[in-house]
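**Student:** What follows is a structure written as structure tokens; I'll ask about it next.
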Amino acid sequence: MHQVIFGNHEENTLEQFENCLQKGQTVGGALCADGHYGYSQPVGAVIVYDGQIAPSGVGYDIACGNKAVKTNLTHADIAKDMPTIMDEINENIPFGYGKSSKVKYDHELFDDPTWDVFLELGQQTHDKLKALARQQLGTAGSGNHYVDLLVDEQTNHVWAANHFGSRGLGHRIATGFMNLAQNREFFAKTKQQSMEQSPILLDMNSELGNMYYRAMTLAGRYAYAGRDIVIDQVLTILGAHARTEVHNHHNYAWKETHHGKDCIVVRKGATPAFPGQLGFVGGSMADISVILQGIDSDKSKDAFYSTVHGAGRIMSRTKAAGKMNWKKRKRTGGVIRPEQMDDAVHNYGVELRGGGTDESPFVYRKLEEVLHAHRGTIEILHTLKPIGVCMAGD
């Protein structure tokens, strides 16, 4: 079995990674340097199967990923207008759990015949999922999902980037197929799942495995469409056009060939990095982001051509921001004070909209450190400094 671990990790993350490798028809795996404990499979982990797919490994945010574009503008073109620009981004792009789009997009995606996979589960299931997808196309979600404006440290060009996935559609697909795999109804309400949930595995040649793969693929196309729409909105606000585009998922399952074998590669919070393949990797709101490309090496092959997707959390949301009292709509007991966060972001030169202390710079590793752990597998092409960050509020 081929496996490799980059960087240093907590014991529960290593145990969870090892547990995934011991379940099912595994070929191998990799744990990236931004890895941390997650649901069933660590975030930052790559698990490779022979003829199986793991909905629990892909996770609830199917096709979460990044799009980044280099614009024709330089920092000097927008520097004095940054407060207004960030206000416009915040006003025009919906962020947050369950948010609906302000515009109804008649996207070609909705004519994709893959939607028929849901008809196999009933007309009502098909109609509910398609209606939800239409409602949320062009929204950016909550948590660590964002829209960033960044400046290339070498050329001073402005880049626009975003980070989110397939929204409610992906969550419903993930929940539904994991329900079906455990003999529950697709829309069954389930209790909070244990983080120690053993991997839920489906054979690719089974009816359920085939259906999940088709549904996941559709969610992937939906995520691409959503990120395209949001980036186009940002370019319109900037009055800019794109010169270079980098776009990929990091919560997904791919059909690939490794070590002479056809495999299913489940990357959860890990970016594909084949030789010459470009990727955008974002740091915290007060840290660099990068455009990188994969290189060919024995180390890269052992990692199944995968790399980090971000800086990696080192502090839970509850520890950072405190426990939420939903009646009072207030958090208490967090170790990160809002003033600390505001000072760090201001001192780094970032115009911030939204974002709570649970997404502050203090809860993440430094991106440079995790990238260093992957030396010999990637090449950094552009180092980008954020000047504007927009996220959902707390």
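Residue numbering restarts at 1 for every chain of the structure tokens, chains are lettered A, B, ... in their displayed order, and ligands are numbered from 1 as they appear.
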If you count only C-alpha atoms, which residues fall within 10 Å of A:Gln25, apart from same-chain ones fewer than 5 positions away, as an MDAnalysis selection string?

**Tutor:** chainID A and resid 48:53 201 203

**Student:** Skip stretch 214-231 of chain A itself and residues of its chain fewer than 6 positions away, then list as a ChimeraX atom specification all residues within 6 Å of it, counting only C-alpha atoms.

**Tutor:** /A:63,137-138,165-166,170

**Student:** Please identify all polymer residues within 10 Å of A:His241, counting only C-alpha atoms, omitting same-chain residues fewer than 3 positions from it, and present them as a PyMOL selection string.

**Tutor:** chain A and resi 69-73+232+234-236+238+244

**Student:** With all heavy atoms retained, write the just-selected residues as a PDB file, in the first residue's frame.

**Tutor:**
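Saved to part.pdb:
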```
ATOM      1  N   VAL A  69      -8.877  34.218 -10.680  1.00  0.00           N
ATOM      2  CA  VAL A  69      -8.563  34.795 -11.985  1.00  0.00           C
ATOM      3  C   VAL A  69      -7.629  35.987 -11.813  1.00  0.00           C
ATOM      4  O   VAL A  69      -7.781  36.791 -10.890  1.00  0.00           O
ATOM      5  CB  VAL A  69      -9.833  35.240 -12.753  1.00  0.00           C
ATOM      6  CG1 VAL A  69     -10.726  34.049 -13.062  1.00  0.00           C
ATOM      7  CG2 VAL A  69     -10.610  36.311 -12.002  1.00  0.00           C
ATOM      8  N   LYS A  70      -6.669  36.058 -12.719  1.00  0.00           N
ATOM      9  CA  LYS A  70      -5.799  37.239 -12.790  1.00  0.00           C
ATOM     10  C   LYS A  70      -6.508  38.259 -13.668  1.00  0.00           C
ATOM     11  O   LYS A  70      -6.948  37.958 -14.774  1.00  0.00           O
ATOM     12  CB  LYS A  70      -4.454  36.866 -13.409  1.00  0.00           C
ATOM     13  CG  LYS A  70      -3.500  38.035 -13.603  1.00  0.00           C
ATOM     14  CD  LYS A  70      -2.234  37.557 -14.309  1.00  0.00           C
ATOM     15  CE  LYS A  70      -1.305  38.732 -14.600  1.00  0.00           C
ATOM     16  NZ  LYS A  70      -0.074  38.265 -15.306  1.00  0.00           N
ATOM     17  N   THR A  71      -6.662  39.482 -13.173  1.00  0.00           N
ATOM     18  CA  THR A  71      -7.362  40.516 -13.939  1.00  0.00           C
ATOM     19  C   THR A  71      -6.366  41.395 -14.699  1.00  0.00           C
ATOM     20  O   THR A  71      -5.148  41.298 -14.531  1.00  0.00           O
ATOM     21  CB  THR A  71      -8.213  41.409 -13.013  1.00  0.00           C
ATOM     22  OG1 THR A  71      -7.351  42.315 -12.308  1.00  0.00           O
ATOM     23  CG2 THR A  71      -9.019  40.587 -12.030  1.00  0.00           C
ATOM     24  N   ASN A  72      -6.906  42.286 -15.507  1.00  0.00           N
ATOM     25  CA  ASN A  72      -6.096  43.249 -16.251  1.00  0.00           C
ATOM     26  C   ASN A  72      -5.745  44.475 -15.412  1.00  0.00           C
ATOM     27  O   ASN A  72      -5.038  45.373 -15.885  1.00  0.00           O
ATOM     28  CB  ASN A  72      -6.845  43.707 -17.501  1.00  0.00           C
ATOM     29  CG  ASN A  72      -8.189  44.345 -17.167  1.00  0.00           C
ATOM     30  OD1 ASN A  72      -9.002  43.762 -16.451  1.00  0.00           O
ATOM     31  ND2 ASN A  72      -8.432  45.548 -17.680  1.00  0.00           N
ATOM     32  N   LEU A  73      -6.211  44.508 -14.141  1.00  0.00           N
ATOM     33  CA  LEU A  73      -5.980  45.674 -13.280  1.00  0.00           C
ATOM     34  C   LEU A  73      -4.754  45.487 -12.398  1.00  0.00           C
ATOM     35  O   LEU A  73      -4.362  44.357 -12.086  1.00  0.00           O
ATOM     36  CB  LEU A  73      -7.197  45.913 -12.384  1.00  0.00           C
ATOM     37  CG  LEU A  73      -8.548  46.118 -13.075  1.00  0.00           C
ATOM     38  CD1 LEU A  73      -9.646  46.286 -12.039  1.00  0.00           C
ATOM     39  CD2 LEU A  73      -8.501  47.308 -14.024  1.00  0.00           C
ATOM     40  N   ASP A 232     -17.649  36.269 -12.077  1.00  0.00           N
ATOM     41  CA  ASP A 232     -18.110  37.218 -13.095  1.00  0.00           C
ATOM     42  C   ASP A 232     -18.727  38.463 -12.448  1.00  0.00           C
ATOM     43  O   ASP A 232     -18.553  39.585 -12.944  1.00  0.00           O
ATOM     44  CB  ASP A 232     -19.140  36.554 -14.018  1.00  0.00           C
ATOM     45  CG  ASP A 232     -18.500  35.564 -14.992  1.00  0.00           C
ATOM     46  OD1 ASP A 232     -17.258  35.557 -15.102  1.00  0.00           O
ATOM     47  OD2 ASP A 232     -19.255  34.790 -15.621  1.00  0.00           O
ATOM     48  N   VAL A 234     -17.877  39.713  -9.549  1.00  0.00           N
ATOM     49  CA  VAL A 234     -16.759  40.500  -9.010  1.00  0.00           C
ATOM     50  C   VAL A 234     -16.063  41.273 -10.136  1.00  0.00           C
ATOM     51  O   VAL A 234     -15.734  42.458  -9.979  1.00  0.00           O
ATOM     52  CB  VAL A 234     -15.762  39.596  -8.265  1.00  0.00           C
ATOM     53  CG1 VAL A 234     -14.529  40.394  -7.825  1.00  0.00           C
ATOM     54  CG2 VAL A 234     -16.424  38.949  -7.053  1.00  0.00           C
ATOM     55  N   LEU A 235     -15.852  40.624 -11.273  1.00  0.00           N
ATOM     56  CA  LEU A 235     -15.209  41.300 -12.403  1.00  0.00           C
ATOM     57  C   LEU A 235     -16.052  42.472 -12.882  1.00  0.00           C
ATOM     58  O   LEU A 235     -15.517  43.536 -13.238  1.00  0.00           O
ATOM     59  CB  LEU A 235     -14.982  40.309 -13.543  1.00  0.00           C
ATOM     60  CG  LEU A 235     -13.939  39.211 -13.290  1.00  0.00           C
ATOM     61  CD1 LEU A 235     -13.909  38.222 -14.445  1.00  0.00           C
ATOM     62  CD2 LEU A 235     -12.549  39.802 -13.065  1.00  0.00           C
ATOM     63  N   THR A 236     -17.366  42.308 -12.873  1.00  0.00           N
ATOM     64  CA  THR A 236     -18.257  43.410 -13.265  1.00  0.00           C
ATOM     65  C   THR A 236     -18.131  44.580 -12.303  1.00  0.00           C
ATOM     66  O   THR A 236     -18.052  45.746 -12.718  1.00  0.00           O
ATOM     67  CB  THR A 236     -19.718  42.918 -13.317  1.00  0.00           C
ATOM     68  OG1 THR A 236     -19.830  41.889 -14.299  1.00  0.00           O
ATOM     69  CG2 THR A 236     -20.665  44.063 -13.671  1.00  0.00           C
ATOM     70  N   LEU A 238     -15.567  45.304 -10.509  1.00  0.00           N
ATOM     71  CA  LEU A 238     -14.235  45.888 -10.711  1.00  0.00           C
ATOM     72  C   LEU A 238     -14.124  46.610 -12.055  1.00  0.00           C
ATOM     73  O   LEU A 238     -13.212  47.429 -12.244  1.00  0.00           O
ATOM     74  CB  LEU A 238     -13.159  44.800 -10.655  1.00  0.00           C
ATOM     75  CG  LEU A 238     -12.892  44.136  -9.305  1.00  0.00           C
ATOM     76  CD1 LEU A 238     -11.919  42.974  -9.473  1.00  0.00           C
ATOM     77  CD2 LEU A 238     -12.323  45.150  -8.303  1.00  0.00           C
ATOM     78  N   THR A 244      -6.127  35.189 -16.795  1.00  0.00           N
ATOM     79  CA  THR A 244      -5.740  33.812 -16.464  1.00  0.00           C
ATOM     80  C   THR A 244      -6.781  33.247 -15.516  1.00  0.00           C
ATOM     81  O   THR A 244      -7.274  33.965 -14.646  1.00  0.00           O
ATOM     82  CB  THR A 244      -4.356  33.769 -15.779  1.00  0.00           C
ATOM     83  OG1 THR A 244      -3.391  34.410 -16.613  1.00  0.00           O
ATOM     84  CG2 THR A 244      -3.908  32.338 -15.496  1.00  0.00           C
TER      85      THR A 244
END
```

**Student:** Taking a cut-off of 12 Å and counting only C-alpha atoms, can you build a table that, for each residue of stretch 272-355 of chain A near stretch 262-265 of chain A, reports the nearest atom pair and how far apart they are in Å (one decimal), sorted by chain then residue number, as JSON lines?

**Tutor:**
```
{"residue": "A:Pro272", "atom": "CA", "partner": "A:Val265", "partner_atom": "CA", "distance": 9.9}
{"residue": "A:Ala303", "atom": "CA", "partner": "A:Val265", "partner_atom": "CA", "distance": 10.9}
{"residue": "A:Phe304", "atom": "CA", "partner": "A:Val265", "partner_atom": "CA", "distance": 8.2}
{"residue": "A:Tyr305", "atom": "CA", "partner": "A:Val265", "partner_atom": "CA", "distance": 10.2}
{"residue": "A:Ser306", "atom": "CA", "partner": "A:Val265", "partner_atom": "CA", "distance": 9.9}
```

**Student:** Output C-alpha atoms for every residue in the selection just made, as a PDB file, in the first residue's frame.

**Tutor:**
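So the final result, stored in out07.pdb, reads:
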```pdb
ATOM      1  CA  PRO A 272      -5.182  17.758  -7.324  1.00  0.00           C
ATOM      2  CA  ALA A 303       0.948  11.506  -2.722  1.00  0.00           C
ATOM      3  CA  PHE A 304      -1.273  10.490  -5.644  1.00  0.00           C
ATOM      4  CA  TYR A 305      -0.512  13.915  -7.124  1.00  0.00           C
ATOM      5  CA  SER A 306      -2.273  15.803  -4.336  1.00  0.00           C
TER       6      SER A 306
END
```

**Student:** Contacts of A:Tyr252 at 6 Å or less, counting only C-alpha atoms, minus same-chain residues fewer than 6 places along, as a PyMOL selection string?

**Tutor:** chain A and resi 58+63+266-267

**Student:** Given the selection you just returned, output its residues as a file containing N, CA and C atoms, formatted as a CSV table (one decimal), in the first residue's frame.

**Tutor:**
```
chain,number,residue,atom,x,y,z
A,58,VAL,N,-15.9,12.1,0.6
A,58,VAL,CA,-16.1,13.3,-0.1
A,58,VAL,C,-16.7,14.4,0.8
A,63,ALA,N,-17.7,19.0,-3.9
A,63,ALA,CA,-17.1,19.9,-4.9
A,63,ALA,C,-16.8,21.3,-4.3
A,266,VAL,N,-10.4,9.7,-3.5
A,266,VAL,CA,-11.3,10.6,-2.7
A,266,VAL,C,-10.4,11.6,-2.0
A,267,ARG,N,-10.5,12.9,-2.5
A,267,ARG,CA,-9.7,14.0,-1.9
A,267,ARG,C,-10.7,14.8,-1.0
```

**Student:** Hey, could you make a per-residue contact list for stretch 72-153 of chain A against stretch 333-354 of chain A with 12 Å as the cut-off, showing the nearest pair of atoms and its distance in Å to one decimal, counting only C-alpha atoms, sorted by chain and number, as a Markdown table?

**Tutor:**
```
| residue | atom | partner | partner_atom | distance |
| --- | --- | --- | --- | --- |
| A:Ala79 | CA | A:Glu351 | CA | 10.5 |
| A:Lys80 | CA | A:Glu351 | CA | 11.5 |
| A:Asp81 | CA | A:Glu351 | CA | 10.7 |
| A:Met82 | CA | A:Glu351 | CA | 7.1 |
| A:Pro83 | CA | A:Glu351 | CA | 6.7 |
| A:Thr84 | CA | A:Glu351 | CA | 10.0 |
| A:Ile85 | CA | A:Glu351 | CA | 9.6 |
| A:Met86 | CA | A:Arg353 | CA | 6.9 |
| A:Asp87 | CA | A:Arg353 | CA | 7.5 |
| A:Glu88 | CA | A:Arg353 | CA | 10.3 |
| A:Ile89 | CA | A:Arg353 | CA | 8.9 |
| A:Asn90 | CA | A:Arg353 | CA | 6.7 |
| A:Glu91 | CA | A:Arg353 | CA | 10.0 |
| A:Ile93 | CA | A:Arg353 | CA | 11.6 |
| A:Pro94 | CA | A:Gly354 | CA | 11.4 |
| A:Phe95 | CA | A:Gly354 | CA | 9.0 |
| A:Gly96 | CA | A:Gly354 | CA | 10.0 |
| A:Ser142 | CA | A:Gly354 | CA | 10.1 |
| A:Gly143 | CA | A:Gly354 | CA | 10.6 |
| A:Asn144 | CA | A:Gly354 | CA | 11.0 |
| A:His145 | CA | A:Gly354 | CA | 10.9 |
| A:Tyr146 | CA | A:Gly354 | CA | 9.5 |
| A:Val147 | CA | A:Arg353 | CA | 9.8 |
| A:Asp148 | CA | A:Leu352 | CA | 9.4 |
| A:Leu149 | CA | A:Val350 | CA | 9.3 |
| A:Leu150 | CA | A:Val350 | CA | 9.4 |
| A:Val151 | CA | A:Val350 | CA | 11.1 |
```

**Student:** Please dump the current selection as a tab-separated table (two decimals), in the first residue's frame; keep N, CA, C and O atoms.

**Tutor:**
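Everything below was put into out_8.tsv:
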```
chain	number	residue	atom	x	y	z
A	79	ALA	N	-6.87	50.82	-5.52
A	79	ALA	CA	-6.49	51.03	-4.11
A	79	ALA	C	-7.40	52.02	-3.40
A	79	ALA	O	-7.90	51.76	-2.30
A	80	LYS	N	-7.63	53.17	-4.01
A	80	LYS	CA	-8.41	54.22	-3.33
A	80	LYS	C	-9.89	53.90	-3.24
A	80	LYS	O	-10.63	54.47	-2.42
A	81	ASP	N	-10.36	52.93	-4.06
A	81	ASP	CA	-11.78	52.59	-4.10
A	81	ASP	C	-12.11	51.31	-3.33
A	81	ASP	O	-13.26	50.84	-3.39
A	82	MET	N	-11.14	50.75	-2.62
A	82	MET	CA	-11.36	49.45	-1.98
A	82	MET	C	-12.56	49.41	-1.03
A	82	MET	O	-13.34	48.45	-1.06
A	83	PRO	N	-12.78	50.41	-0.17
A	83	PRO	CA	-13.96	50.34	0.70
A	83	PRO	C	-15.26	50.23	-0.09
A	83	PRO	O	-16.14	49.42	0.25
A	84	THR	N	-15.40	51.01	-1.15
A	84	THR	CA	-16.61	50.97	-1.98
A	84	THR	C	-16.74	49.64	-2.70
A	84	THR	O	-17.84	49.06	-2.78
A	85	ILE	N	-15.62	49.16	-3.24
A	85	ILE	CA	-15.63	47.87	-3.96
A	85	ILE	C	-16.08	46.74	-3.04
A	85	ILE	O	-16.93	45.92	-3.40
A	86	MET	N	-15.53	46.71	-1.84
A	86	MET	CA	-15.88	45.63	-0.91
A	86	MET	C	-17.33	45.75	-0.43
A	86	MET	O	-18.00	44.74	-0.21
A	87	ASP	N	-17.81	46.99	-0.31
A	87	ASP	CA	-19.23	47.18	0.03
A	87	ASP	C	-20.12	46.60	-1.08
A	87	ASP	O	-21.13	45.93	-0.80
A	88	GLU	N	-19.73	46.84	-2.33
A	88	GLU	CA	-20.53	46.33	-3.46
A	88	GLU	C	-20.51	44.81	-3.53
A	88	GLU	O	-21.54	44.18	-3.79
A	89	ILE	N	-19.35	44.21	-3.28
A	89	ILE	CA	-19.27	42.75	-3.27
A	89	ILE	C	-20.17	42.19	-2.17
A	89	ILE	O	-20.93	41.24	-2.37
A	90	ASN	N	-20.10	42.81	-1.00
A	90	ASN	CA	-20.89	42.37	0.14
A	90	ASN	C	-22.40	42.52	-0.12
A	90	ASN	O	-23.20	41.69	0.31
A	91	GLU	N	-22.77	43.56	-0.82
A	91	GLU	CA	-24.20	43.83	-1.10
A	91	GLU	C	-24.75	42.94	-2.21
A	91	GLU	O	-25.93	42.60	-2.21
A	93	ILE	N	-23.37	39.84	-3.51
A	93	ILE	CA	-23.16	38.39	-3.46
A	93	ILE	C	-23.68	37.87	-2.12
A	93	ILE	O	-23.16	38.25	-1.06
A	94	PRO	N	-24.69	37.02	-2.13
A	94	PRO	CA	-25.25	36.51	-0.87
A	94	PRO	C	-24.31	35.50	-0.20
A	94	PRO	O	-23.87	34.53	-0.83
A	95	PHE	N	-23.99	35.75	1.05
A	95	PHE	CA	-23.20	34.85	1.87
A	95	PHE	C	-24.07	34.35	3.02
A	95	PHE	O	-24.90	35.09	3.53
A	96	GLY	N	-23.87	33.10	3.43
A	96	GLY	CA	-24.55	32.62	4.62
A	96	GLY	C	-25.32	31.35	4.39
A	96	GLY	O	-25.69	31.00	3.25
A	142	SER	N	-21.47	29.88	3.91
A	142	SER	CA	-21.01	30.40	5.20
A	142	SER	C	-19.68	29.73	5.59
A	142	SER	O	-18.99	29.17	4.76
A	143	GLY	N	-19.35	29.80	6.89
A	143	GLY	CA	-18.11	29.16	7.37
A	143	GLY	C	-16.89	29.83	6.78
A	143	GLY	O	-16.75	31.05	6.81
A	144	ASN	N	-15.99	29.00	6.20
A	144	ASN	CA	-14.74	29.54	5.66
A	144	ASN	C	-14.84	29.89	4.18
A	144	ASN	O	-13.83	30.01	3.49
A	145	HIS	N	-16.05	30.05	3.66
A	145	HIS	CA	-16.25	30.38	2.25
A	145	HIS	C	-16.14	31.89	2.06
A	145	HIS	O	-16.61	32.66	2.89
A	146	TYR	N	-15.51	32.28	0.97
A	146	TYR	CA	-15.14	33.70	0.82
A	146	TYR	C	-15.05	34.13	-0.63
A	146	TYR	O	-15.02	33.32	-1.56
A	147	VAL	N	-14.98	35.44	-0.78
A	147	VAL	CA	-14.53	36.10	-2.01
A	147	VAL	C	-13.38	37.01	-1.61
A	147	VAL	O	-13.50	37.79	-0.68
A	148	ASP	N	-12.26	36.86	-2.30
A	148	ASP	CA	-11.06	37.64	-1.99
A	148	ASP	C	-10.62	38.47	-3.18
A	148	ASP	O	-10.76	38.05	-4.35
A	149	LEU	N	-10.06	39.63	-2.90
A	149	LEU	CA	-9.27	40.38	-3.87
A	149	LEU	C	-7.83	40.34	-3.36
A	149	LEU	O	-7.58	40.58	-2.17
A	150	LEU	N	-6.90	40.03	-4.26
A	150	LEU	CA	-5.51	39.84	-3.87
A	150	LEU	C	-4.60	40.54	-4.87
A	150	LEU	O	-4.98	40.79	-6.02
A	151	VAL	N	-3.37	40.80	-4.44
A	151	VAL	CA	-2.39	41.46	-5.30
A	151	VAL	C	-1.17	40.56	-5.44
A	151	VAL	O	-0.64	40.04	-4.44
```

**Student:** DSSP on the backbone: what in stretch 120-356 of chain A comes out helix (DSSP H, G or I), as a PyMOL selection string?

**Tutor:** chain A and resi 120-121+123-136+167-181+207-238+298-302+317-321+338-348

**Student:** List every residue of stretch 100-214 of chain A that DSSP, applied to the backbone of this structure, assigns to strand (DSSP E), and report them as a PyMOL selection string.

**Tutor:** chain A and resi 146-152+157-164+202-203

**Student:** Those selected residues, please, written with all heavy atoms and delivered as a CSV table (one decimal), in the first residue's frame.

**Tutor:**
```csv
chain,number,residue,atom,x,y,z
A,146,TYR,N,-15.5,32.3,1.0
A,146,TYR,CA,-15.1,33.7,0.8
A,146,TYR,C,-15.0,34.1,-0.6
A,146,TYR,O,-15.0,33.3,-1.6
A,146,TYR,CB,-13.8,34.0,1.5
A,146,TYR,CG,-12.6,33.1,1.0
A,146,TYR,CD1,-12.0,33.4,-0.2
A,146,TYR,CD2,-12.1,32.1,1.8
A,146,TYR,CE1,-11.0,32.6,-0.7
A,146,TYR,CE2,-11.1,31.3,1.3
A,146,TYR,CZ,-10.5,31.5,0.1
A,146,TYR,OH,-9.5,30.7,-0.4
A,147,VAL,N,-15.0,35.4,-0.8
A,147,VAL,CA,-14.5,36.1,-2.0
A,147,VAL,C,-13.4,37.0,-1.6
A,147,VAL,O,-13.5,37.8,-0.7
A,147,VAL,CB,-15.7,36.9,-2.7
A,147,VAL,CG1,-15.1,37.8,-3.8
A,147,VAL,CG2,-16.7,36.0,-3.2
A,148,ASP,N,-12.3,36.9,-2.3
A,148,ASP,CA,-11.1,37.6,-2.0
A,148,ASP,C,-10.6,38.5,-3.2
A,148,ASP,O,-10.8,38.0,-4.3
A,148,ASP,CB,-9.9,36.7,-1.6
A,148,ASP,CG,-9.9,36.2,-0.2
A,148,ASP,OD1,-10.9,36.5,0.5
A,148,ASP,OD2,-9.0,35.5,0.2
A,149,LEU,N,-10.1,39.6,-2.9
A,149,LEU,CA,-9.3,40.4,-3.9
A,149,LEU,C,-7.8,40.3,-3.4
A,149,LEU,O,-7.6,40.6,-2.2
A,149,LEU,CB,-9.8,41.8,-4.0
A,149,LEU,CG,-11.2,42.0,-4.6
A,149,LEU,CD1,-11.5,43.5,-4.6
A,149,LEU,CD2,-11.3,41.4,-5.9
A,150,LEU,N,-6.9,40.0,-4.3
A,150,LEU,CA,-5.5,39.8,-3.9
A,150,LEU,C,-4.6,40.5,-4.9
A,150,LEU,O,-5.0,40.8,-6.0
A,150,LEU,CB,-5.2,38.3,-3.8
A,150,LEU,CG,-6.1,37.4,-3.1
A,150,LEU,CD1,-7.0,36.7,-4.0
A,150,LEU,CD2,-5.4,36.5,-2.1
A,151,VAL,N,-3.4,40.8,-4.4
A,151,VAL,CA,-2.4,41.5,-5.3
A,151,VAL,C,-1.2,40.6,-5.4
A,151,VAL,O,-0.6,40.0,-4.4
A,151,VAL,CB,-2.0,42.8,-4.7
A,151,VAL,CG1,-0.8,43.4,-5.5
A,151,VAL,CG2,-3.2,43.8,-4.7
A,152,ASP,N,-0.7,40.4,-6.7
A,152,ASP,CA,0.4,39.6,-7.0
A,152,ASP,C,1.7,40.3,-6.5
A,152,ASP,O,1.9,41.5,-6.9
A,152,ASP,CB,0.5,39.3,-8.5
A,152,ASP,CG,1.6,38.3,-8.9
A,152,ASP,OD1,2.7,38.4,-8.4
A,152,ASP,OD2,1.3,37.4,-9.6
A,157,HIS,N,-0.5,42.8,-10.1
A,157,HIS,CA,-1.8,42.6,-10.7
A,157,HIS,C,-2.8,42.2,-9.7
A,157,HIS,O,-2.4,41.5,-8.7
A,157,HIS,CB,-1.7,41.5,-11.8
A,157,HIS,CG,-1.3,42.1,-13.2
A,157,HIS,ND1,0.0,42.0,-13.6
A,157,HIS,CD2,-2.0,42.7,-14.1
A,157,HIS,CE1,0.0,42.6,-14.8
A,157,HIS,NE2,-1.2,43.0,-15.1
A,158,VAL,N,-4.0,42.6,-9.9
A,158,VAL,CA,-5.1,42.2,-9.0
A,158,VAL,C,-5.7,40.8,-9.4
A,158,VAL,O,-5.9,40.6,-10.6
A,158,VAL,CB,-6.2,43.2,-9.0
A,158,VAL,CG1,-7.5,42.7,-8.2
A,158,VAL,CG2,-5.7,44.6,-8.5
A,159,TRP,N,-5.8,39.9,-8.5
A,159,TRP,CA,-6.5,38.6,-8.7
A,159,TRP,C,-7.8,38.6,-7.9
A,159,TRP,O,-7.9,39.3,-6.8
A,159,TRP,CB,-5.7,37.5,-8.2
A,159,TRP,CG,-4.4,37.2,-9.0
A,159,TRP,CD1,-3.3,37.9,-9.1
A,159,TRP,CD2,-4.2,36.0,-9.8
A,159,TRP,NE1,-2.4,37.3,-10.0
A,159,TRP,CE2,-3.0,36.1,-10.4
A,159,TRP,CE3,-5.0,34.8,-10.0
A,159,TRP,CZ2,-2.4,35.1,-11.2
A,159,TRP,CZ3,-4.5,33.9,-10.9
A,159,TRP,CH2,-3.2,34.0,-11.4
A,160,ALA,N,-8.8,38.0,-8.4
A,160,ALA,CA,-10.1,37.8,-7.7
A,160,ALA,C,-10.2,36.3,-7.5
A,160,ALA,O,-9.9,35.5,-8.4
A,160,ALA,CB,-11.3,38.3,-8.5
A,161,ALA,N,-10.6,35.9,-6.3
A,161,ALA,CA,-10.7,34.4,-6.0
A,161,ALA,C,-11.9,34.2,-5.1
A,161,ALA,O,-12.4,35.1,-4.4
A,161,ALA,CB,-9.5,34.0,-5.2
A,162,ASN,N,-12.4,32.9,-5.2
A,162,ASN,CA,-13.5,32.5,-4.3
A,162,ASN,C,-13.3,31.1,-3.8
A,162,ASN,O,-12.5,30.3,-4.3
A,162,ASN,CB,-14.9,32.8,-4.9
A,162,ASN,CG,-15.1,32.0,-6.2
A,162,ASN,OD1,-14.5,31.0,-6.5
A,162,ASN,ND2,-16.0,32.5,-7.0
A,163,HIS,N,-14.1,30.7,-2.8
A,163,HIS,CA,-14.0,29.4,-2.2
A,163,HIS,C,-15.4,29.0,-1.7
A,163,HIS,O,-15.9,29.6,-0.8
A,163,HIS,CB,-13.0,29.5,-1.0
A,163,HIS,CG,-13.0,28.2,-0.2
A,163,HIS,ND1,-13.0,28.2,1.2
A,163,HIS,CD2,-13.1,26.9,-0.5
A,163,HIS,CE1,-13.0,27.0,1.7
A,163,HIS,NE2,-13.0,26.2,0.6
A,164,PHE,N,-16.0,28.1,-2.3
A,164,PHE,CA,-17.3,27.4,-1.9
A,164,PHE,C,-17.6,26.3,-2.8
A,164,PHE,O,-16.9,26.0,-3.7
A,164,PHE,CB,-18.4,28.4,-1.8
A,164,PHE,CG,-18.8,29.1,-3.1
A,164,PHE,CD1,-19.8,28.5,-3.9
A,164,PHE,CD2,-18.2,30.3,-3.5
A,164,PHE,CE1,-20.2,29.1,-5.1
A,164,PHE,CE2,-18.6,30.9,-4.7
A,164,PHE,CZ,-19.6,30.3,-5.5
A,202,LEU,N,-19.4,2.6,-1.0
A,202,LEU,CA,-20.3,2.0,-2.0
A,202,LEU,C,-19.5,1.4,-3.2
A,202,LEU,O,-18.5,2.0,-3.6
A,202,LEU,CB,-21.2,3.1,-2.6
A,202,LEU,CG,-22.1,3.9,-1.6
A,202,LEU,CD1,-22.8,5.1,-2.4
A,202,LEU,CD2,-23.1,3.0,-0.9
A,203,ASP,N,-19.8,0.3,-3.6
A,203,ASP,CA,-19.2,-0.3,-4.8
A,203,ASP,C,-19.6,0.4,-6.0
A,203,ASP,O,-20.7,0.7,-6.2
A,203,ASP,CB,-19.6,-1.8,-4.9
A,203,ASP,CG,-19.0,-2.7,-3.8
A,203,ASP,OD1,-17.9,-2.3,-3.3
A,203,ASP,OD2,-19.5,-3.7,-3.6
```

**Student:** Could you pull the residues within 10 Å of A:Thr13, counting only C-alpha atoms, minus those fewer than 5 positions along the same chain, as a list of chain:residue names?

**Tutor:**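 Using only C-alpha atoms, the neighbours found are A:Asn8, A:Glu18, A:Asn19, A:Leu31, A:Gly35, A:His36, A:Tyr37, A:Gly38, A:Gln41, A:Pro42, A:Val43, A:Gly44, A:Ala45.
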
**Student:** So that I can check the surroundings of A:Leu21, please list as an MDAnalysis selection string every protein, DNA and RNA residue that reaches within 10 Å of it, counting only C-alpha atoms and ignoring chain neighbours fewer than 5 positions away.

**Tutor:** chainID A and resid 1 3 15:16 26:30 41 46:49 199

**Student:** Expressed in Å to a single decimal, how great is the separation between atom CA of A:Lys330 and atom CA of A:Gln193?

**Tutor:** 25.3 Å

**Student:** Have a look at A:Thr332, A:Thr307, A:Asn12, A:Gln22 and name the one nearest to A:His372; count only C-alpha atoms.

**Tutor:**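 Ranked by minimum distance to A:His372, first place goes to A:Thr307.
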
**Student:** Counting only C-alpha atoms, what is within 9 Å of A:His247, bar same-chain residues fewer than 5 positions away, as JSON, numbers by chain?

**Tutor:** {"A": [65, 66, 67, 68, 69, 224, 227, 278, 279, 280]}
